[in-house]
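Visitor: Pasting upload-v8.cif below, which is mmCIF, C-alpha atoms.
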data_my_file
loop_
_atom_site.group_PDB
_atom_site.id
_atom_site.type_symbol
_atom_site.label_atom_id
_atom_site.label_comp_id
_atom_site.auth_asym_id
_atom_site.auth_seq_id
_atom_site.Cartn_x
_atom_site.Cartn_y
_atom_site.Cartn_z
ATOM 1 C CA LEU A 93 132.417 9.543 181.406
ATOM 2 C CA VAL A 94 129.685 11.384 179.460
ATOM 3 C CA TYR A 95 128.950 14.986 180.394
ATOM 4 C CA VAL A 96 125.772 16.739 179.184
ATOM 5 C CA ALA A 97 125.624 20.554 179.198
ATOM 6 C CA LYS A 98 123.078 22.219 181.474
ATOM 7 C CA ASP A 99 121.197 23.636 178.493
ATOM 8 C CA GLY A 100 121.157 20.183 176.889
ATOM 9 C CA LEU A 101 122.750 21.444 173.677
ATOM 10 C CA GLY A 102 125.982 19.511 173.905
ATOM 11 C CA ALA A 103 127.452 16.248 175.162
ATOM 12 C CA TRP A 104 131.136 15.492 175.754
ATOM 13 C CA LEU A 105 133.044 12.263 176.318
ATOM 14 C CA PHE A 106 135.954 12.066 178.763
ATOM 15 C CA LEU A 107 138.129 8.957 178.611
ATOM 16 C CA PHE A 108 140.055 7.370 181.463
ATOM 17 C CA PRO A 109 142.744 4.795 180.639
ATOM 18 C CA PRO A 110 142.135 1.188 181.707
ATOM 19 C CA ILE A 111 143.623 0.239 185.063
ATOM 20 C CA GLY A 112 145.285 -3.101 185.750
ATOM 21 C CA ASN A 113 143.515 -5.787 183.767
ATOM 22 C CA GLY A 114 140.827 -3.393 182.598
ATOM 23 C CA LYS A 115 139.582 -3.707 179.042
ATOM 24 C CA GLY A 116 140.560 -1.187 176.404
ATOM 25 C CA ILE A 117 138.159 1.328 174.863
ATOM 26 C CA THR A 118 135.777 -0.129 172.314
ATOM 27 C CA TYR A 119 133.095 1.407 170.110
ATOM 28 C CA GLU A 120 130.491 -0.690 171.900
ATOM 29 C CA ALA A 121 131.628 0.498 175.315
ATOM 30 C CA ILE A 122 131.432 4.137 174.204
ATOM 31 C CA HIS A 123 127.953 3.606 172.793
ATOM 32 C CA GLU A 124 126.830 1.954 175.992
ATOM 33 C CA ALA A 125 128.076 4.888 178.081
ATOM 34 C CA VAL A 126 126.433 7.416 175.743
ATOM 35 C CA TYR A 127 123.045 5.728 175.777
ATOM 36 C CA ALA A 128 123.234 5.238 179.535
ATOM 37 C CA GLU A 129 123.021 9.029 179.752
ATOM 38 C CA THR A 130 120.092 8.933 177.248
ATOM 39 C CA VAL A 131 122.016 10.998 174.684
ATOM 40 C CA ASN A 132 120.099 10.208 171.500
ATOM 41 C CA TYR A 133 120.061 13.344 169.342
ATOM 42 C CA GLY A 134 122.787 14.947 167.276
ATOM 43 C CA LEU A 135 125.313 12.184 167.860
ATOM 44 C CA ASP A 136 128.486 12.343 165.770
ATOM 45 C CA ALA A 137 128.851 8.680 164.837
ATOM 46 C CA GLU A 138 132.123 9.236 162.946
ATOM 47 C CA ARG A 139 133.621 10.963 165.965
ATOM 48 C CA LEU A 140 132.631 8.061 168.220
ATOM 49 C CA LEU A 141 134.259 5.584 165.842
ATOM 50 C CA SER A 142 137.409 7.692 165.583
ATOM 51 C CA ILE A 143 137.693 7.926 169.371
ATOM 52 C CA SER A 144 137.303 4.154 169.760
ATOM 53 C CA GLU A 145 140.003 3.481 167.157
ATOM 54 C CA ARG A 146 142.480 6.099 168.435
ATOM 55 C CA PRO A 147 141.556 6.816 172.055
ATOM 56 C CA GLU A 148 143.097 9.850 173.748
ATOM 57 C CA TYR A 149 142.774 9.930 177.494
ATOM 58 C CA PHE A 150 142.040 12.809 179.864
ATOM 59 C CA GLN A 151 140.505 14.933 177.126
ATOM 60 C CA LEU A 152 136.991 16.111 176.426
ATOM 61 C CA PHE A 153 135.488 15.217 173.046
ATOM 62 C CA LEU A 154 132.328 16.835 171.747
ATOM 63 C CA ILE A 155 130.209 13.928 170.590
ATOM 64 C CA ALA A 156 126.703 15.382 170.208
ATOM 65 C CA ARG A 157 125.172 18.741 169.382
ATOM 66 C CA GLY A 158 121.642 19.805 170.126
ATOM 67 C CA LEU A 159 119.578 22.160 167.981
ATOM 68 C CA ARG A 160 119.174 25.659 169.333
ATOM 69 C CA MET A 161 115.738 27.208 169.480
ATOM 70 C CA ILE A 162 115.577 30.208 167.158
ATOM 71 C CA PRO A 163 113.392 32.948 168.657
ATOM 72 C CA GLY A 164 111.047 34.862 166.394
ATOM 73 C CA LYS A 165 111.650 38.518 165.662
ATOM 74 C CA ASP A 166 109.507 41.091 167.411
ATOM 75 C CA GLY A 167 107.021 43.087 165.397
ATOM 76 C CA TRP A 168 108.161 46.568 164.462
ATOM 77 C CA ILE A 169 106.728 49.926 163.483
ATOM 78 C CA LYS A 170 107.761 51.956 160.459
ATOM 79 C CA GLU A 171 106.988 55.655 160.747
ATOM 80 C CA HIS A 172 106.562 57.440 157.430
ATOM 81 C CA TYR A 173 107.208 60.935 158.744
ATOM 82 C CA PRO A 174 109.940 62.390 160.974
ATOM 83 C CA HIS A 175 109.154 63.489 164.505
ATOM 84 C CA ASP A 176 110.692 66.910 163.944
ATOM 85 C CA PHE A 177 109.919 68.652 160.663
ATOM 86 C CA GLU A 178 112.982 70.307 159.188
ATOM 87 C CA LYS A 179 112.189 73.577 157.462
ATOM 88 C CA THR A 180 113.651 73.844 153.955
ATOM 89 C CA LEU A 181 114.022 76.527 151.316
ATOM 90 C CA ALA A 182 112.873 76.147 147.720
ATOM 91 C CA VAL A 183 115.508 76.363 144.980
ATOM 92 C CA LYS A 184 114.510 77.959 141.678
ATOM 93 C CA ASP A 185 115.369 76.474 138.288
ATOM 94 C CA HIS A 186 118.373 78.761 137.832
ATOM 95 C CA GLY A 187 119.766 77.790 141.225
ATOM 96 C CA SER A 188 118.807 80.779 143.365
ATOM 97 C CA VAL A 189 116.956 80.331 146.650
ATOM 98 C CA ASP A 190 113.367 81.534 147.071
ATOM 99 C CA TYR A 191 113.294 82.642 150.699
ATOM 100 C CA ARG A 192 109.522 83.127 150.608
ATOM 101 C CA ALA A 193 108.819 79.550 149.488
ATOM 102 C CA ARG A 194 109.870 77.999 152.761
ATOM 103 C CA ALA A 195 108.456 74.578 153.681
ATOM 104 C CA ASN A 196 107.317 75.411 157.204
ATOM 105 C CA MET A 197 105.085 72.458 158.120
ATOM 106 C CA GLN A 198 104.373 68.828 157.295
ATOM 107 C CA VAL A 199 101.034 68.941 155.462
ATOM 108 C CA ILE A 200 98.920 65.809 155.851
ATOM 109 C CA HIS A 201 95.755 64.819 153.993
ATOM 110 C CA GLU A 202 92.918 62.595 155.130
ATOM 111 C CA GLY A 203 93.806 58.949 154.569
ATOM 112 C CA ASP A 204 97.579 59.461 154.578
ATOM 113 C CA VAL A 205 99.377 56.577 156.276
ATOM 114 C CA LEU A 206 101.454 57.944 159.140
ATOM 115 C CA ALA A 207 102.906 54.654 160.388
ATOM 116 C CA GLU A 208 102.678 50.912 159.756
ATOM 117 C CA ALA A 209 102.979 47.960 162.114
ATOM 118 C CA PHE A 210 104.616 44.763 160.893
ATOM 119 C CA PRO A 211 103.810 41.426 162.546
ATOM 120 C CA PRO A 212 106.291 39.361 164.542
ATOM 121 C CA THR A 213 107.739 36.147 163.144
ATOM 122 C CA LYS A 214 107.304 32.659 164.559
ATOM 123 C CA GLY A 215 110.145 31.022 166.419
ATOM 124 C CA THR A 216 111.663 27.661 165.458
ATOM 125 C CA GLN A 217 111.739 24.864 168.026
ATOM 126 C CA GLY A 218 115.005 23.349 169.169
ATOM 127 C CA MET A 219 116.080 19.937 170.453
ATOM 128 C CA THR A 220 118.400 18.869 173.265
ATOM 129 C CA VAL A 221 120.887 16.020 172.905
ATOM 130 C CA LEU A 222 118.555 14.093 175.214
ATOM 131 C CA GLY A 223 115.765 14.332 172.650
ATOM 132 C CA THR A 224 113.723 16.947 174.536
ATOM 133 C CA VAL A 225 111.942 19.514 172.408
ATOM 134 C CA ILE A 226 112.790 23.151 173.201
ATOM 135 C CA PRO A 227 109.534 25.065 172.593
ATOM 136 C CA PRO A 228 109.801 27.986 170.161
ATOM 137 C CA GLN A 229 109.589 31.565 171.394
ATOM 138 C CA ASP A 230 107.546 33.738 169.062
ATOM 139 C CA GLY A 231 108.250 37.437 168.580
ATOM 140 C CA ARG A 232 106.196 39.985 170.485
ATOM 141 C CA GLU A 233 103.358 41.958 168.951
ATOM 142 C CA VAL A 234 103.579 45.734 168.589
ATOM 143 C CA TYR A 235 100.585 48.035 168.666
ATOM 144 C CA LEU A 236 100.003 51.342 166.926
ATOM 145 C CA SER A 237 98.680 54.311 168.829
ATOM 146 C CA GLY A 238 97.929 57.813 167.665
ATOM 147 C CA GLY A 239 96.805 61.182 168.875
ATOM 148 C CA TYR A 240 94.234 63.704 167.708
ATOM 149 C CA ASN A 241 92.604 63.112 164.335
ATOM 150 C CA THR A 242 94.279 59.776 163.665
ATOM 151 C CA ALA A 243 92.882 56.238 163.608
ATOM 152 C CA VAL A 244 94.210 52.690 163.500
ATOM 153 C CA SER A 245 92.958 50.594 160.585
ATOM 154 C CA GLU A 246 90.685 47.609 161.213
ATOM 155 C CA ASP A 247 93.508 45.145 160.644
ATOM 156 C CA LYS A 248 95.673 47.068 163.174
ATOM 157 C CA SER A 249 98.421 47.504 160.600
ATOM 158 C CA LYS A 250 98.192 51.223 159.741
ATOM 159 C CA LEU A 251 97.851 54.546 161.506
ATOM 160 C CA VAL A 252 96.061 56.995 159.217
ATOM 161 C CA ALA A 253 95.036 60.645 159.305
ATOM 162 C CA THR A 254 91.293 61.231 159.607
ATOM 163 C CA LEU A 255 91.352 64.785 158.228
ATOM 164 C CA ASP A 256 93.554 67.323 156.451
ATOM 165 C CA GLY A 257 95.994 69.284 158.576
ATOM 166 C CA HIS A 258 99.611 69.484 159.647
ATOM 167 C CA LEU A 259 101.502 66.788 161.486
ATOM 168 C CA GLN A 260 102.835 67.098 165.010
ATOM 169 C CA TYR A 261 104.599 64.552 167.206
ATOM 170 C CA ARG A 262 103.929 64.995 170.906
ATOM 171 C CA ASN A 263 104.019 62.691 173.923
ATOM 172 C CA GLY A 264 105.159 59.773 171.809
ATOM 173 C CA VAL A 265 102.352 59.838 169.206
ATOM 174 C CA PHE A 266 101.435 61.599 165.958
ATOM 175 C CA HIS A 267 98.688 64.231 165.921
ATOM 176 C CA VAL A 268 97.035 65.903 162.926
ATOM 177 C CA GLN A 269 96.084 69.499 163.642
ATOM 178 C CA PRO A 270 93.423 71.176 161.444
ATOM 179 C CA LEU A 271 94.523 74.637 162.653
ATOM 180 C CA TYR A 272 97.913 76.076 161.761
ATOM 181 C CA ASN A 273 99.057 78.786 164.161
ATOM 182 C CA VAL A 274 101.722 81.325 163.266
ATOM 183 C CA PHE A 275 102.862 83.059 166.435
ATOM 184 C CA GLY A 276 104.202 86.275 164.978
ATOM 185 C CA ASN A 277 104.561 87.702 161.484
ATOM 186 C CA VAL A 278 104.445 85.928 158.147
ATOM 187 C CA ASP A 279 107.844 86.992 156.857
ATOM 188 C CA TYR A 280 111.083 85.421 155.688
ATOM 189 C CA GLY A 281 111.319 83.476 158.926
ATOM 190 C CA VAL A 282 108.032 81.720 158.163
ATOM 191 C CA GLY A 283 107.612 81.860 154.390
ATOM 192 C CA ASN A 284 104.489 81.477 152.294
ATOM 193 C CA ILE A 285 101.672 79.366 153.732
ATOM 194 C CA ASP A 286 99.546 76.867 151.821
ATOM 195 C CA PHE A 287 97.445 74.863 154.253
ATOM 196 C CA PRO A 288 94.427 72.526 153.827
ATOM 197 C CA GLY A 289 92.742 73.689 157.048
ATOM 198 C CA ASP A 290 92.390 76.926 159.033
ATOM 199 C CA VAL A 291 95.196 79.441 159.601
ATOM 200 C CA HIS A 292 95.595 81.840 162.512
ATOM 201 C CA ILE A 293 98.340 84.475 162.352
ATOM 202 C CA THR A 294 98.960 86.518 165.497
ATOM 203 C CA GLY A 295 101.113 89.097 163.729
ATOM 204 C CA ASP A 296 101.235 90.803 160.335
ATOM 205 C CA VAL A 297 101.490 89.390 156.827
ATOM 206 C CA LYS A 298 104.420 91.191 155.281
ATOM 207 C CA ASN A 299 104.726 92.544 151.761
ATOM 208 C CA GLY A 300 105.104 89.968 149.002
ATOM 209 C CA PHE A 301 104.006 86.884 150.958
ATOM 210 C CA ILE A 302 101.142 84.508 150.162
ATOM 211 C CA VAL A 303 98.759 82.905 152.648
ATOM 212 C CA GLN A 304 96.410 80.247 151.258
ATOM 213 C CA ALA A 305 94.029 78.004 153.194
ATOM 214 C CA LYS A 306 91.073 75.788 152.372
ATOM 215 C CA GLY A 307 89.434 76.864 155.611
ATOM 216 C CA ASN A 308 89.362 80.203 157.397
ATOM 217 C CA ILE A 309 92.212 82.687 157.703
ATOM 218 C CA VAL A 310 92.336 84.938 160.763
ATOM 219 C CA ILE A 311 95.058 87.590 160.880
ATOM 220 C CA ASP A 312 95.361 89.487 164.158
ATOM 221 C CA GLY A 313 97.718 92.020 162.659
ATOM 222 C CA MET A 314 97.982 93.975 159.421
ATOM 223 C CA VAL A 315 98.236 92.859 155.798
ATOM 224 C CA GLU A 316 100.925 94.689 153.854
ATOM 225 C CA GLY A 317 100.736 94.009 150.120
ATOM 226 C CA ALA A 318 100.296 90.243 150.467
ATOM 227 C CA VAL A 319 98.030 87.724 148.765
ATOM 228 C CA ILE A 320 95.399 86.122 151.017
ATOM 229 C CA GLU A 321 93.227 83.296 149.663
ATOM 230 C CA ALA A 322 90.793 81.173 151.686
ATOM 231 C CA GLY A 323 88.035 78.655 151.068
ATOM 232 C CA GLY A 324 86.286 79.956 154.175
ATOM 233 C CA ASP A 325 86.359 83.391 155.787
ATOM 234 C CA ILE A 326 89.179 85.950 155.660
ATOM 235 C CA ILE A 327 89.344 88.069 158.805
ATOM 236 C CA ILE A 328 92.029 90.764 159.045
ATOM 237 C CA LEU A 329 91.796 92.340 162.492
ATOM 238 C CA GLY A 330 94.690 94.778 162.163
ATOM 239 C CA GLY A 331 93.541 96.353 158.924
ATOM 240 C CA CYS A 332 95.383 96.788 155.636
ATOM 241 C CA GLY A 333 98.398 98.941 154.974
ATOM 242 C CA PRO A 334 98.602 101.125 151.857
ATOM 243 C CA MET A 335 99.692 98.121 149.802
ATOM 244 C CA GLY A 336 97.434 95.698 151.631
ATOM 245 C CA LEU A 337 94.400 96.582 149.497
ATOM 246 C CA GLY A 338 95.752 94.155 146.930
ATOM 247 C CA ALA A 339 94.819 91.334 149.267
ATOM 248 C CA VAL A 340 91.247 92.603 149.502
ATOM 249 C CA SER A 341 91.088 93.170 145.746
ATOM 250 C CA TYR A 342 92.384 89.652 145.092
ATOM 251 C CA GLY A 343 89.867 88.173 147.511
ATOM 252 C CA ILE A 344 86.986 89.990 145.806
ATOM 253 C CA GLN A 345 87.952 89.172 142.240
ATOM 254 C CA ILE A 346 89.088 85.524 142.308
ATOM 255 C CA GLU A 347 86.636 82.935 141.027
ATOM 256 C CA ASN A 348 86.813 80.854 144.208
ATOM 257 C CA ARG A 349 85.893 83.697 146.534
ATOM 258 C CA PRO A 350 86.026 83.350 150.313
ATOM 259 C CA LYS A 351 82.725 83.163 152.164
ATOM 260 C CA ARG A 352 83.385 86.458 153.950
ATOM 261 C CA ILE A 353 86.078 89.106 154.035
ATOM 262 C CA VAL A 354 86.193 91.063 157.282
ATOM 263 C CA VAL A 355 88.767 93.852 157.506
ATOM 264 C CA THR A 356 88.873 96.276 160.416
ATOM 265 C CA ASP A 357 90.196 99.815 160.049
ATOM 266 C CA ILE A 358 89.170 100.136 156.404
ATOM 267 C CA ASP A 359 86.318 102.238 155.024
ATOM 268 C CA ASP A 360 83.933 101.719 152.117
ATOM 269 C CA ALA A 361 85.881 104.095 149.892
ATOM 270 C CA LYS A 362 88.992 101.934 150.200
ATOM 271 C CA ILE A 363 86.955 98.831 149.454
ATOM 272 C CA GLU A 364 85.512 100.532 146.387
ATOM 273 C CA ARG A 365 88.988 101.436 145.164
ATOM 274 C CA ALA A 366 90.036 97.843 145.734
ATOM 275 C CA ARG A 367 87.276 96.721 143.390
#
When written as C-alpha cells, how does the structure in this file appear?
Guide:
Amino acid sequence: LVYVAKDGLGAWLFLFPPIGNGKGITYEAIHEAVYAETVNYGLDAERLLSISERPEYFQLFLIARGLRMIPGKDGWIKEHYPHDFEKTLAVKDHGSVDYRARANMQVIHEGDVLAEAFPPTKGTQGMTVLGTVIPPQDGREVYLSGGYNTAVSEDKSKLVATLDGHLQYRNGVFHVQPLYNVFGNVDYGVGNIDFPGDVHITGDVKNGFIVQAKGNIVIDGMVEGAVIEAGGDIIILGGCGPMGLGAVSYGIQIENRPKRIVVTDIDDAKIERAR
C-alpha cells in the first residue's frame, strides 16, 4: 500500500505479508505499486531496494520526498532615526558635563534620508512527489509614506526631507518641521538652541544661554544676558533685562547681522549703549 501525504511532499510504503500462496515482496512489485499511485519525484531508489531485500511488514517506510516551496521574504523598511528623540548632555574634554549644551531636538537637513525601503525576494518553486509544480510565493512589497515636508524618491526606495528643520514622528510617519517651538524658558531644562529654521520661544532666554537660527527668532519673554543670533529677524517681545543688552549688542556687531532686531521695552539710549 502506497500512501501520499495531503500536501504531496511525502510518500510512504506499508507492507502486508503474503497470505496463503501469495508471492513474496519483490523490487518489481514495489515499483509497480509506487508508479500506480503516480509517485515519480524524489523517490529513494536505495530504500526501495533495501525494503524488497529485507521486507518488514506492518510498518510505514518513507520512500519519496517532495521539494518544499520556499516563500520569498517580504520587503522591509529601515528607519534611520528613532521615533522618540532622547535628549543628551554634552561632555567636555576634561569629563565634566555642559548642562547648557543639551541636544534637545533631531535636526534634519534638506535631502537627508529618513527611511529606506528594501524590495521583497522571489520565492522558489517546489515539487510534489506526484511531479506537480508548487508555484512560488513571492514576498510582499512595502511602501514608504511620510508626513509634512518629506517626499518619496522616484524609485520608491527612499523617504527624504524636503527642507531643513527638526524631525517629529506622529501618526505613524515622519514629519520635518521648519519651526522649533520652545514652550517655556530657554534654561537648563532646554539647553542651547542651534536650529536651521525659525525658533519661537514662549518664555524667557536665561542668562548664559545661546539661541541660534538660520531663520527668524521670536521670543515672547525677556532676554537675560544671552546670545541671540538669527539669519532672519530677531524679535524680543518681553524686552531685555540689565544683562540682556549683550544680545542686542551681539546682534548689531556680528558680520552676519539679522535682517531686523525688534525689542520692546527698550529705549534708544539703551540701544546706543549697546553699540
Visitor: Residues within 10 Å of (104.5, 80.4, 158.0), file coordinates, counting only C-alpha atoms: what are they? Give the list as a VMD selection string.
Guide: chain A and resid 192 to 197 272 to 287 291 293 297 301 to 303
Visitor: Would you mind telling me which residue in A:Ile111, A:Leu255, A:Leu93, A:Val310 lies nearest to A:His201 when using all atoms listed in the file?
Guide: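 Of all the options, A:Leu255 lies closest to A:His201.
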Visitor: Taking the file as shown, find all residues satisfying the PyMOL selection byres ((chain A and resi 135) around 10) and write them as a list in words.
Guide: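 Going through the file, the PyMOL selection byres ((chain A and resi 135) around 10) ends up selecting Gly102, Ala103, Val126, Val131, Asn132, Tyr133, Gly134, Asp136, Ala137, Glu138, Arg139, Leu140, Leu154, Ile155, Ala156, Arg157, Gly158 and Val221 of chain A.
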Visitor: Report, in Å to a single decimal, how far apart atom CA of A:Phe153 and atom CA of A:Leu107 are.
Guide: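 Atom-to-atom, atom CA of A:Leu107 and atom CA of A:Phe153 are spaced 8.8 Å apart.
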Visitor: Kindly give the distance, in Å, that separates atom CA of A:Glu171 and atom CA of A:Glu208, rounded to a single decimal.
Guide: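 Interatomic distance here is 6.5 Å.
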Visitor: Under the rule that only C-alpha atoms are counted, which of A:Asp230, A:Asp99, A:Glu124, A:Asp204 is the nearest residue to A:Lys165?
Guide: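 For A:Lys165, the nearest of the candidates is A:Asp230.
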Visitor: Using the chain letters and residue numbers of this document, give as a list in words the residues selected by the PyMOL selection byres ((chain A and resi 169) around 9).
Guide: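 Output of the PyMOL selection byres ((chain A and resi 169) around 9): Gly167, Trp168, Lys170, Glu171, Ala207, Glu208, Ala209, Phe210, Val234, Tyr235 and Leu236 of chain A.
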Visitor: Atom CA of A:Gly164 and atom CA of A:Ser245 are how many Å apart?
Guide: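 Answer for the atom CA of A:Gly164 to atom CA of A:Ser245 separation: 24.7 Å.
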Visitor: Got a sec to resolve the PyMOL selection byres ((chain A and resi 306) around 8) on this structure and send the residues as a PyMOL selection string?
Guide: chain A and resi 287-290+304-305+307-308+322-324
Visitor: Could you check which of A:His172, A:Arg160, A:Gly317, A:Ala128 is closest to A:Gly215, using all atoms listed in the file?
Guide: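 Using all atoms listed in the file, the shortest distance to A:Gly215 belongs to A:Arg160.
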